[in-house]
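One file, my_file_1.cif, is given below (mmCIF, N, CA and C atoms).
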data_query
#
loop_
_atom_site.label_atom_id
_atom_site.label_comp_id
_atom_site.auth_asym_id
_atom_site.auth_seq_id
_atom_site.Cartn_x
_atom_site.Cartn_y
_atom_site.Cartn_z
N MET A 2 124.18 -48.05 32.66
CA MET A 2 123.41 -49.23 32.34
C MET A 2 124.31 -50.39 31.92
N THR A 3 125.49 -50.09 31.45
CA THR A 3 126.38 -51.18 31.10
C THR A 3 126.82 -51.85 32.39
N GLY A 4 127.08 -53.12 32.31
CA GLY A 4 127.50 -53.87 33.47
C GLY A 4 126.36 -54.55 34.20
N ILE A 5 125.14 -54.24 33.87
CA ILE A 5 123.99 -54.91 34.49
C ILE A 5 123.67 -56.14 33.65
N ARG A 6 123.84 -57.31 34.26
CA ARG A 6 123.63 -58.55 33.52
C ARG A 6 122.17 -58.73 33.15
N GLY A 7 121.95 -59.14 31.92
CA GLY A 7 120.60 -59.44 31.47
C GLY A 7 119.79 -58.23 31.04
N LEU A 8 120.35 -57.04 31.18
CA LEU A 8 119.62 -55.84 30.78
C LEU A 8 119.70 -55.68 29.27
N VAL A 9 118.55 -55.51 28.65
CA VAL A 9 118.48 -55.26 27.21
C VAL A 9 118.41 -53.76 27.02
N ARG A 10 119.38 -53.22 26.27
CA ARG A 10 119.40 -51.79 25.97
C ARG A 10 118.92 -51.58 24.55
N ALA A 11 117.99 -50.65 24.39
CA ALA A 11 117.43 -50.38 23.08
C ALA A 11 117.24 -48.87 22.93
N ALA A 12 116.99 -48.45 21.70
CA ALA A 12 116.80 -47.03 21.42
C ALA A 12 115.83 -46.88 20.26
N GLY A 13 115.15 -45.75 20.23
CA GLY A 13 114.19 -45.51 19.16
C GLY A 13 113.86 -44.05 19.04
N GLY A 14 112.83 -43.79 18.25
CA GLY A 14 112.48 -42.40 18.01
C GLY A 14 111.00 -42.16 17.88
N VAL A 15 110.62 -40.94 18.23
CA VAL A 15 109.30 -40.43 17.92
C VAL A 15 109.53 -39.54 16.70
N VAL A 16 109.21 -40.10 15.54
CA VAL A 16 109.48 -39.44 14.27
C VAL A 16 108.33 -38.51 13.93
N CYS A 17 108.64 -37.24 13.69
CA CYS A 17 107.63 -36.21 13.47
C CYS A 17 107.71 -35.66 12.05
N ARG A 18 106.56 -35.15 11.61
CA ARG A 18 106.48 -34.39 10.35
C ARG A 18 105.32 -33.42 10.49
N PRO A 19 105.29 -32.38 9.63
CA PRO A 19 104.15 -31.46 9.68
C PRO A 19 102.88 -32.19 9.27
N GLY A 20 101.83 -31.95 10.02
CA GLY A 20 100.55 -32.57 9.70
C GLY A 20 99.53 -31.53 9.27
N PRO A 21 98.26 -31.93 9.20
CA PRO A 21 97.21 -31.01 8.77
C PRO A 21 96.96 -29.92 9.80
N VAL A 22 96.59 -28.77 9.33
CA VAL A 22 96.17 -27.65 10.16
C VAL A 22 97.20 -27.30 11.25
N GLY A 23 98.48 -27.43 10.90
CA GLY A 23 99.54 -27.05 11.83
C GLY A 23 99.84 -28.06 12.92
N LEU A 24 99.16 -29.19 12.93
CA LEU A 24 99.43 -30.23 13.92
C LEU A 24 100.64 -31.05 13.49
N VAL A 25 101.35 -31.61 14.47
CA VAL A 25 102.45 -32.51 14.20
C VAL A 25 101.90 -33.93 14.09
N GLU A 26 102.41 -34.69 13.14
CA GLU A 26 102.08 -36.11 13.04
C GLU A 26 103.30 -36.93 13.45
N VAL A 27 103.05 -38.09 14.05
CA VAL A 27 104.12 -39.00 14.46
C VAL A 27 103.93 -40.34 13.76
N ALA A 28 105.06 -41.01 13.51
CA ALA A 28 105.04 -42.32 12.84
C ALA A 28 104.84 -43.42 13.88
N VAL A 29 103.85 -44.26 13.64
CA VAL A 29 103.56 -45.42 14.49
C VAL A 29 103.61 -46.65 13.58
N ILE A 30 104.29 -47.71 14.05
CA ILE A 30 104.48 -48.89 13.22
C ILE A 30 103.72 -50.10 13.76
N HIS A 31 103.34 -50.98 12.83
CA HIS A 31 102.72 -52.26 13.18
C HIS A 31 103.72 -53.38 12.92
N ARG A 32 103.94 -54.20 13.95
CA ARG A 32 104.84 -55.35 13.83
C ARG A 32 103.99 -56.62 13.80
N PRO A 33 103.96 -57.30 12.65
CA PRO A 33 103.06 -58.46 12.54
C PRO A 33 103.41 -59.61 13.48
N ALA A 34 104.68 -59.82 13.78
CA ALA A 34 105.07 -60.93 14.66
C ALA A 34 104.48 -60.76 16.06
N GLN A 35 104.38 -59.51 16.53
CA GLN A 35 103.79 -59.24 17.84
C GLN A 35 102.34 -58.78 17.73
N ASP A 36 101.90 -58.47 16.52
CA ASP A 36 100.58 -57.89 16.26
C ASP A 36 100.34 -56.70 17.19
N ASP A 37 101.31 -55.76 17.17
CA ASP A 37 101.18 -54.58 18.01
C ASP A 37 101.48 -53.32 17.22
N TRP A 38 101.11 -52.19 17.80
CA TRP A 38 101.42 -50.86 17.28
C TRP A 38 102.37 -50.22 18.27
N SER A 39 103.52 -49.76 17.77
CA SER A 39 104.52 -49.21 18.67
C SER A 39 105.31 -48.10 17.99
N LEU A 40 106.21 -47.52 18.76
CA LEU A 40 107.16 -46.56 18.22
C LEU A 40 108.36 -47.35 17.70
N PRO A 41 108.99 -46.89 16.61
CA PRO A 41 110.14 -47.64 16.08
C PRO A 41 111.31 -47.64 17.07
N LYS A 42 111.88 -48.83 17.26
CA LYS A 42 112.99 -48.99 18.22
C LYS A 42 113.69 -50.31 17.95
N GLY A 43 114.84 -50.48 18.56
CA GLY A 43 115.56 -51.75 18.46
C GLY A 43 116.78 -51.75 19.36
N LYS A 44 117.38 -52.93 19.49
CA LYS A 44 118.51 -53.12 20.39
C LYS A 44 119.79 -52.46 19.86
N LEU A 45 120.59 -52.01 20.82
CA LEU A 45 121.90 -51.46 20.48
C LEU A 45 122.82 -52.58 20.01
N GLU A 46 123.63 -52.29 19.01
CA GLU A 46 124.67 -53.22 18.57
C GLU A 46 125.95 -52.90 19.32
N THR A 47 126.87 -53.85 19.39
CA THR A 47 128.13 -53.67 20.09
C THR A 47 128.87 -52.44 19.56
N GLY A 48 129.30 -51.57 20.48
CA GLY A 48 130.06 -50.39 20.12
C GLY A 48 129.24 -49.22 19.63
N GLU A 49 127.94 -49.36 19.62
CA GLU A 49 127.05 -48.34 19.10
C GLU A 49 126.52 -47.48 20.25
N THR A 50 126.44 -46.17 20.04
CA THR A 50 125.80 -45.31 21.04
C THR A 50 124.28 -45.46 20.91
N ALA A 51 123.59 -45.02 21.94
CA ALA A 51 122.13 -45.08 21.90
C ALA A 51 121.59 -44.20 20.77
N GLU A 52 122.20 -43.03 20.55
CA GLU A 52 121.76 -42.15 19.47
C GLU A 52 121.94 -42.81 18.11
N GLN A 53 123.10 -43.45 17.90
CA GLN A 53 123.36 -44.14 16.64
C GLN A 53 122.35 -45.27 16.43
N ALA A 54 122.08 -46.03 17.48
CA ALA A 54 121.13 -47.13 17.38
C ALA A 54 119.73 -46.62 17.06
N ALA A 55 119.34 -45.50 17.67
CA ALA A 55 118.00 -44.95 17.43
C ALA A 55 117.84 -44.56 15.97
N VAL A 56 118.82 -43.87 15.41
CA VAL A 56 118.75 -43.46 14.00
C VAL A 56 118.74 -44.69 13.09
N ARG A 57 119.61 -45.66 13.37
CA ARG A 57 119.69 -46.87 12.54
C ARG A 57 118.39 -47.65 12.60
N GLU A 58 117.89 -47.89 13.78
CA GLU A 58 116.67 -48.68 13.94
C GLU A 58 115.46 -48.00 13.29
N VAL A 59 115.35 -46.68 13.46
CA VAL A 59 114.23 -45.97 12.84
C VAL A 59 114.32 -46.11 11.32
N GLU A 60 115.51 -45.95 10.77
CA GLU A 60 115.65 -46.08 9.32
C GLU A 60 115.35 -47.51 8.86
N GLU A 61 115.85 -48.51 9.61
CA GLU A 61 115.59 -49.91 9.23
C GLU A 61 114.10 -50.24 9.27
N GLU A 62 113.40 -49.76 10.29
CA GLU A 62 112.00 -50.13 10.46
C GLU A 62 111.04 -49.28 9.64
N THR A 63 111.42 -48.03 9.34
CA THR A 63 110.49 -47.13 8.66
C THR A 63 110.92 -46.74 7.24
N GLY A 64 112.21 -46.89 6.93
CA GLY A 64 112.72 -46.43 5.65
C GLY A 64 112.97 -44.94 5.61
N LEU A 65 112.76 -44.26 6.74
CA LEU A 65 112.89 -42.80 6.78
C LEU A 65 114.28 -42.37 7.24
N ARG A 66 114.80 -41.34 6.60
CA ARG A 66 116.01 -40.68 7.07
C ARG A 66 115.56 -39.62 8.06
N VAL A 67 116.22 -39.58 9.21
CA VAL A 67 115.77 -38.69 10.28
C VAL A 67 116.92 -37.86 10.84
N ARG A 68 116.52 -36.77 11.47
CA ARG A 68 117.46 -35.90 12.19
C ARG A 68 116.98 -35.87 13.64
N ILE A 69 117.91 -36.11 14.57
CA ILE A 69 117.57 -36.03 15.99
C ILE A 69 117.38 -34.57 16.38
N VAL A 70 116.27 -34.30 17.06
CA VAL A 70 115.97 -32.96 17.54
C VAL A 70 116.41 -32.81 19.00
N ARG A 71 116.02 -33.79 19.84
CA ARG A 71 116.38 -33.74 21.26
C ARG A 71 116.04 -35.07 21.92
N PRO A 72 116.66 -35.34 23.08
CA PRO A 72 116.27 -36.54 23.83
C PRO A 72 114.82 -36.42 24.29
N MET A 73 114.16 -37.57 24.38
CA MET A 73 112.76 -37.56 24.79
C MET A 73 112.55 -38.21 26.15
N GLY A 74 113.35 -39.21 26.47
CA GLY A 74 113.20 -39.93 27.72
C GLY A 74 113.34 -41.42 27.50
N CYS A 75 113.28 -42.16 28.59
CA CYS A 75 113.47 -43.62 28.52
C CYS A 75 112.29 -44.31 29.19
N THR A 76 112.03 -45.52 28.73
CA THR A 76 111.04 -46.38 29.37
C THR A 76 111.77 -47.62 29.86
N ALA A 77 111.26 -48.24 30.91
CA ALA A 77 111.84 -49.46 31.46
C ALA A 77 110.72 -50.44 31.75
N TYR A 78 110.92 -51.68 31.35
CA TYR A 78 109.89 -52.70 31.56
C TYR A 78 110.52 -54.08 31.42
N VAL A 79 109.75 -55.10 31.72
CA VAL A 79 110.17 -56.49 31.52
C VAL A 79 109.61 -56.93 30.17
N ASP A 80 110.50 -57.38 29.27
CA ASP A 80 110.04 -57.76 27.92
C ASP A 80 109.34 -59.11 27.94
N ARG A 81 108.85 -59.53 26.80
CA ARG A 81 108.06 -60.77 26.75
C ARG A 81 108.88 -62.03 27.02
N ARG A 82 110.21 -61.89 27.05
CA ARG A 82 111.09 -63.01 27.42
C ARG A 82 111.52 -62.95 28.88
N GLY A 83 110.95 -62.00 29.63
CA GLY A 83 111.26 -61.89 31.06
C GLY A 83 112.52 -61.12 31.37
N ARG A 84 113.08 -60.41 30.39
CA ARG A 84 114.32 -59.64 30.61
C ARG A 84 113.98 -58.18 30.91
N ASP A 85 114.80 -57.56 31.76
CA ASP A 85 114.66 -56.13 31.98
C ASP A 85 115.10 -55.41 30.72
N LYS A 86 114.32 -54.42 30.28
CA LYS A 86 114.62 -53.70 29.06
C LYS A 86 114.47 -52.22 29.31
N VAL A 87 115.45 -51.45 28.84
CA VAL A 87 115.40 -49.99 28.89
C VAL A 87 115.51 -49.49 27.46
N VAL A 88 114.54 -48.65 27.07
CA VAL A 88 114.52 -48.07 25.72
C VAL A 88 114.58 -46.56 25.87
N CYS A 89 115.61 -45.94 25.28
CA CYS A 89 115.72 -44.49 25.28
C CYS A 89 115.29 -43.97 23.92
N TYR A 90 114.50 -42.89 23.95
CA TYR A 90 113.92 -42.33 22.72
C TYR A 90 114.40 -40.90 22.49
N TRP A 91 114.39 -40.52 21.23
CA TRP A 91 114.68 -39.15 20.81
C TRP A 91 113.53 -38.65 19.94
N VAL A 92 113.25 -37.36 20.07
CA VAL A 92 112.36 -36.71 19.12
C VAL A 92 113.16 -36.56 17.84
N MET A 93 112.57 -36.96 16.72
CA MET A 93 113.26 -36.92 15.43
C MET A 93 112.37 -36.24 14.40
N TRP A 94 113.00 -35.64 13.43
CA TRP A 94 112.27 -35.02 12.33
C TRP A 94 112.55 -35.83 11.07
N ALA A 95 111.51 -36.21 10.35
CA ALA A 95 111.67 -36.97 9.10
C ALA A 95 112.27 -36.04 8.05
N GLU A 96 113.37 -36.47 7.43
CA GLU A 96 114.08 -35.65 6.44
C GLU A 96 113.93 -36.23 5.03
N GLY A 97 113.37 -37.42 4.91
CA GLY A 97 113.22 -38.04 3.60
C GLY A 97 113.07 -39.53 3.74
N GLY A 98 113.12 -40.22 2.61
CA GLY A 98 112.96 -41.67 2.62
C GLY A 98 111.52 -42.07 2.37
N ARG A 99 111.31 -43.38 2.37
CA ARG A 99 109.99 -43.91 2.05
C ARG A 99 109.80 -45.27 2.74
N PHE A 100 108.63 -45.47 3.31
CA PHE A 100 108.33 -46.74 3.97
C PHE A 100 108.01 -47.81 2.93
N THR A 101 108.61 -48.98 3.15
CA THR A 101 108.30 -50.17 2.36
C THR A 101 108.00 -51.30 3.34
N PRO A 102 106.82 -51.91 3.26
CA PRO A 102 106.50 -53.02 4.17
C PRO A 102 107.53 -54.14 4.06
N ASN A 103 107.80 -54.80 5.21
CA ASN A 103 108.74 -55.91 5.26
C ASN A 103 108.28 -56.90 6.31
N ASP A 104 109.08 -57.94 6.54
CA ASP A 104 108.68 -58.98 7.50
C ASP A 104 108.57 -58.46 8.92
N GLU A 105 109.41 -57.49 9.27
CA GLU A 105 109.42 -56.98 10.64
C GLU A 105 108.34 -55.94 10.88
N VAL A 106 108.13 -55.05 9.90
CA VAL A 106 107.15 -53.97 10.03
C VAL A 106 106.31 -53.95 8.76
N ASP A 107 105.00 -54.21 8.90
CA ASP A 107 104.17 -54.28 7.70
C ASP A 107 103.31 -53.04 7.45
N GLN A 108 103.22 -52.13 8.45
CA GLN A 108 102.46 -50.90 8.27
C GLN A 108 103.12 -49.76 9.02
N LEU A 109 103.00 -48.57 8.46
CA LEU A 109 103.40 -47.34 9.13
C LEU A 109 102.24 -46.37 8.95
N ARG A 110 101.84 -45.76 10.04
CA ARG A 110 100.78 -44.75 9.98
C ARG A 110 101.30 -43.43 10.54
N TRP A 111 100.99 -42.35 9.84
CA TRP A 111 101.25 -41.01 10.34
C TRP A 111 99.99 -40.55 11.05
N LEU A 112 100.11 -40.25 12.35
CA LEU A 112 98.95 -39.90 13.17
C LEU A 112 99.23 -38.66 14.00
N THR A 113 98.17 -37.94 14.35
CA THR A 113 98.34 -36.88 15.34
C THR A 113 98.69 -37.55 16.67
N VAL A 114 99.18 -36.77 17.60
CA VAL A 114 99.52 -37.33 18.92
C VAL A 114 98.29 -37.98 19.54
N GLU A 115 97.15 -37.33 19.44
CA GLU A 115 95.93 -37.88 20.03
C GLU A 115 95.55 -39.22 19.39
N GLU A 116 95.66 -39.29 18.07
CA GLU A 116 95.36 -40.55 17.37
C GLU A 116 96.36 -41.64 17.75
N ALA A 117 97.63 -41.27 17.86
CA ALA A 117 98.67 -42.24 18.23
C ALA A 117 98.43 -42.77 19.64
N LEU A 118 98.02 -41.90 20.54
CA LEU A 118 97.75 -42.34 21.92
C LEU A 118 96.63 -43.38 21.95
N GLU A 119 95.68 -43.28 21.04
CA GLU A 119 94.59 -44.26 20.95
C GLU A 119 95.06 -45.59 20.37
N LEU A 120 96.01 -45.55 19.42
CA LEU A 120 96.41 -46.75 18.69
C LEU A 120 97.55 -47.53 19.34
N LEU A 121 98.48 -46.84 20.00
CA LEU A 121 99.65 -47.53 20.56
C LEU A 121 99.23 -48.64 21.51
N SER A 122 99.91 -49.78 21.40
CA SER A 122 99.56 -50.97 22.18
C SER A 122 100.05 -50.94 23.62
N TYR A 123 101.11 -50.18 23.90
CA TYR A 123 101.77 -50.27 25.21
C TYR A 123 101.64 -48.98 26.01
N SER A 124 101.32 -49.14 27.29
CA SER A 124 101.14 -47.98 28.17
C SER A 124 102.43 -47.17 28.29
N ALA A 125 103.60 -47.81 28.27
CA ALA A 125 104.86 -47.07 28.36
C ALA A 125 105.03 -46.14 27.17
N ASP A 126 104.67 -46.60 25.96
CA ASP A 126 104.74 -45.75 24.77
C ASP A 126 103.76 -44.58 24.88
N ARG A 127 102.55 -44.88 25.34
CA ARG A 127 101.53 -43.83 25.48
C ARG A 127 101.97 -42.78 26.51
N ALA A 128 102.50 -43.23 27.64
CA ALA A 128 102.93 -42.30 28.69
C ALA A 128 104.07 -41.41 28.19
N LEU A 129 105.02 -41.98 27.48
CA LEU A 129 106.14 -41.21 26.94
C LEU A 129 105.64 -40.15 25.97
N LEU A 130 104.78 -40.54 25.05
CA LEU A 130 104.27 -39.63 24.03
C LEU A 130 103.42 -38.53 24.67
N ALA A 131 102.62 -38.89 25.65
CA ALA A 131 101.73 -37.92 26.29
C ALA A 131 102.50 -36.89 27.12
N SER A 132 103.71 -37.23 27.54
CA SER A 132 104.48 -36.36 28.42
C SER A 132 105.24 -35.25 27.72
N GLN A 133 105.19 -35.22 26.39
CA GLN A 133 106.07 -34.33 25.62
C GLN A 133 105.30 -33.32 24.79
N ASP A 134 105.92 -32.16 24.62
CA ASP A 134 105.46 -31.19 23.62
C ASP A 134 106.35 -31.41 22.41
N LEU A 135 105.76 -31.75 21.28
CA LEU A 135 106.54 -32.04 20.09
C LEU A 135 106.70 -30.78 19.24
N PRO A 136 107.79 -30.74 18.46
CA PRO A 136 108.06 -29.53 17.66
C PRO A 136 106.99 -29.27 16.63
#
For the structure just supplied, provide its representation as structure tokens.
Amino acid sequence: MTGIRGLVRAAGGVVCRPGPVGLVEVAVIHRPAQDDWSLPKGKLETGETAEQAAVREVEEETGLRVRIVRPMGCTAYVDRRGRDKVVCYWVMWAEGGRFTPNDEVDQLRWLTVEEALELLSYSADRALLASQDLP
């Protein structure tokens, strides 16, 4: 992916925790600037691997410390500025930390996969989440 002009590279995570009745819950965030519900993600910084960016961005947006479990897959789309964007995701397990609302992310909800599929704003996020068996 490097060397492609104008390509935005980003990384994120599907953050999991044990939920009720043995179900897994995933973290879904609300971004007030876009008024959307999405999976936590962000752009890679210079010299950063996609895995490093995913862990950093998840922690910045959610306040959670996470452990990568496995790669989940990538989505590709044209962003709202007309740029090609590729976002690679990892399944992550929440290991600690605490969410605090901020200017970038004002809400975090822990939802079952089915609930998250109903709430997520973007079809690419829904397709990615629906395609996986989570731990």
Taking only residues of stretch 36-55 of chain A that have an atom at most 8 Å from an atom of stretch 9-25 of chain A, what is each one's shortest atom pair and its distance in Å to one decimal, using only N, CA and C atoms, in chain and number order, as a Markdown table?
| residue | atom | partner | partner_atom | distance |
| --- | --- | --- | --- | --- |
| A:Leu40 | C | A:Gly14 | N | 5.7 |
| A:Pro41 | C | A:Gly13 | CA | 4.1 |
| A:Lys42 | CA | A:Gly13 | CA | 3.8 |
| A:Gly43 | C | A:Ala11 | CA | 4.0 |
| A:Lys44 | CA | A:Ala11 | CA | 4.0 |
| A:Leu45 | N | A:Arg10 | C | 4.1 |
| A:Glu46 | N | A:Arg10 | C | 7.3 |
| A:Thr50 | C | A:Ala12 | CA | 7.7 |
| A:Ala51 | C | A:Ala12 | CA | 5.6 |
| A:Glu52 | N | A:Ala12 | CA | 6.8 |
| A:Gln53 | C | A:Ala12 | CA | 7.7 |
| A:Ala54 | C | A:Ala12 | C | 5.1 |
| A:Ala55 | CA | A:Ala12 | C | 4.1 |
As a PyMOL selection string, please: every residue in chain A that a backbone DSSP assignment puts in strand (DSSP E or B). chain A and resi 9-19+25-32+37-39+42-44+65-79+85-98+108-113
So what do you get for atom N of A:Glu96 versus atom CA of A:Gln35, distance-wise? 26.8 Å
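Nearest residue to A:Cys89 among A:Pro72, A:Gly48, A:Glu105, A:Ser132 is A:Pro72, counting all atoms listed in the file.
With distances taken over only C-alpha atoms, A:Val29 is the one residue among A:Leu8, A:Val29, A:Val67, A:Ala95 lying closest to A:Val114.
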Straight-line distance linking atom CA of A:Gln108 with atom CA of A:Ser122, stated in Å to one decimal: 14.2 Å
Taking the backbone alone, and naming residues the way the document does, which bits of stretch 4-92 of chain A are alpha helix (DSSP H) by DSSP, as a compact mmCIF listing (two decimals) with N, CA and C atoms, in the frame of the given file?
# COMPACT_ATOMS: atom_id res chain seq x y z
N ALA A 51 123.59 -45.02 21.94
CA ALA A 51 122.13 -45.08 21.90
C ALA A 51 121.59 -44.20 20.77
N GLU A 52 122.20 -43.03 20.55
CA GLU A 52 121.76 -42.15 19.47
C GLU A 52 121.94 -42.81 18.11
N GLN A 53 123.10 -43.45 17.90
CA GLN A 53 123.36 -44.14 16.64
C GLN A 53 122.35 -45.27 16.43
N ALA A 54 122.08 -46.03 17.48
CA ALA A 54 121.13 -47.13 17.38
C ALA A 54 119.73 -46.62 17.06
N ALA A 55 119.34 -45.50 17.67
CA ALA A 55 118.00 -44.95 17.43
C ALA A 55 117.84 -44.56 15.97
N VAL A 56 118.82 -43.87 15.41
CA VAL A 56 118.75 -43.46 14.00
C VAL A 56 118.74 -44.69 13.09
N ARG A 57 119.61 -45.66 13.37
CA ARG A 57 119.69 -46.87 12.54
C ARG A 57 118.39 -47.65 12.60
N GLU A 58 117.89 -47.89 13.78
CA GLU A 58 116.67 -48.68 13.94
C GLU A 58 115.46 -48.00 13.29
N VAL A 59 115.35 -46.68 13.46
CA VAL A 59 114.23 -45.97 12.84
C VAL A 59 114.32 -46.11 11.32
N GLU A 60 115.51 -45.95 10.77
CA GLU A 60 115.65 -46.08 9.32
C GLU A 60 115.35 -47.51 8.86
N GLU A 61 115.85 -48.51 9.61
CA GLU A 61 115.59 -49.91 9.23
C GLU A 61 114.10 -50.24 9.27
N GLU A 62 113.40 -49.76 10.29
CA GLU A 62 112.00 -50.13 10.46
C GLU A 62 111.04 -49.28 9.64
N THR A 63 111.42 -48.03 9.34
CA THR A 63 110.49 -47.13 8.66
C THR A 63 110.92 -46.74 7.24
Target residues per the PyMOL selection byres ((chain A and resi 63-66) around 6.5), formatted as JSON, numbers by chain: {"A": [58, 59, 60, 61, 62, 67, 68, 94, 95, 96, 97, 98, 99, 100, 101]}
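Each of A:Gln133, A:Ser124, A:Asn103, A:Thr47 was compared to A:Ile30 using only C-alpha atoms, and A:Asn103 turns out to be the nearest.
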As a compact mmCIF listing (two decimals), in the frame of the given file, could you write out stretch 26-33 of chain A once it has been completed with all heavy atoms?
# COMPACT_ATOMS: atom_id res chain seq x y z
N GLU A 26 102.41 -34.69 13.14
CA GLU A 26 102.08 -36.11 13.04
C GLU A 26 103.30 -36.93 13.45
O GLU A 26 104.44 -36.50 13.24
CB GLU A 26 101.70 -36.49 11.61
CG GLU A 26 100.38 -35.92 11.17
CD GLU A 26 99.99 -36.36 9.77
OE1 GLU A 26 100.89 -36.53 8.92
OE2 GLU A 26 98.79 -36.53 9.53
N VAL A 27 103.05 -38.09 14.05
CA VAL A 27 104.12 -39.00 14.46
C VAL A 27 103.93 -40.34 13.76
O VAL A 27 102.81 -40.74 13.44
CB VAL A 27 104.16 -39.19 15.99
CG1 VAL A 27 104.47 -37.87 16.68
CG2 VAL A 27 102.88 -39.78 16.53
N ALA A 28 105.06 -41.01 13.51
CA ALA A 28 105.04 -42.32 12.84
C ALA A 28 104.84 -43.42 13.88
O ALA A 28 105.57 -43.50 14.87
CB ALA A 28 106.35 -42.54 12.10
N VAL A 29 103.85 -44.26 13.64
CA VAL A 29 103.56 -45.42 14.49
C VAL A 29 103.61 -46.65 13.58
O VAL A 29 103.08 -46.63 12.47
CB VAL A 29 102.18 -45.28 15.16
CG1 VAL A 29 101.85 -46.50 16.00
CG2 VAL A 29 102.12 -44.01 16.01
N ILE A 30 104.29 -47.71 14.05
CA ILE A 30 104.48 -48.89 13.22
C ILE A 30 103.72 -50.10 13.76
O ILE A 30 103.49 -50.22 14.96
CB ILE A 30 105.98 -49.25 13.08
CG1 ILE A 30 106.61 -49.53 14.45
CG2 ILE A 30 106.72 -48.14 12.32
CD1 ILE A 30 107.99 -50.14 14.39
N HIS A 31 103.34 -50.98 12.83
CA HIS A 31 102.72 -52.26 13.18
C HIS A 31 103.72 -53.38 12.92
O HIS A 31 104.28 -53.48 11.83
CB HIS A 31 101.47 -52.51 12.34
CG HIS A 31 100.79 -53.79 12.71
ND1 HIS A 31 100.92 -54.94 11.97
CD2 HIS A 31 100.00 -54.10 13.77
CE1 HIS A 31 100.23 -55.91 12.55
NE2 HIS A 31 99.66 -55.42 13.64
N ARG A 32 103.94 -54.20 13.95
CA ARG A 32 104.84 -55.35 13.83
C ARG A 32 103.99 -56.62 13.80
O ARG A 32 103.34 -56.96 14.79
CB ARG A 32 105.82 -55.39 15.01
CG ARG A 32 106.66 -54.12 15.11
CD ARG A 32 107.62 -54.14 16.27
NE ARG A 32 106.92 -54.36 17.53
CZ ARG A 32 107.54 -54.60 18.68
NH1 ARG A 32 108.85 -54.68 18.73
NH2 ARG A 32 106.85 -54.78 19.79
N PRO A 33 103.96 -57.30 12.65
CA PRO A 33 103.06 -58.46 12.54
C PRO A 33 103.41 -59.61 13.48
O PRO A 33 102.52 -60.31 13.95
CB PRO A 33 103.19 -58.87 11.07
CG PRO A 33 104.47 -58.29 10.60
CD PRO A 33 104.69 -57.05 11.41
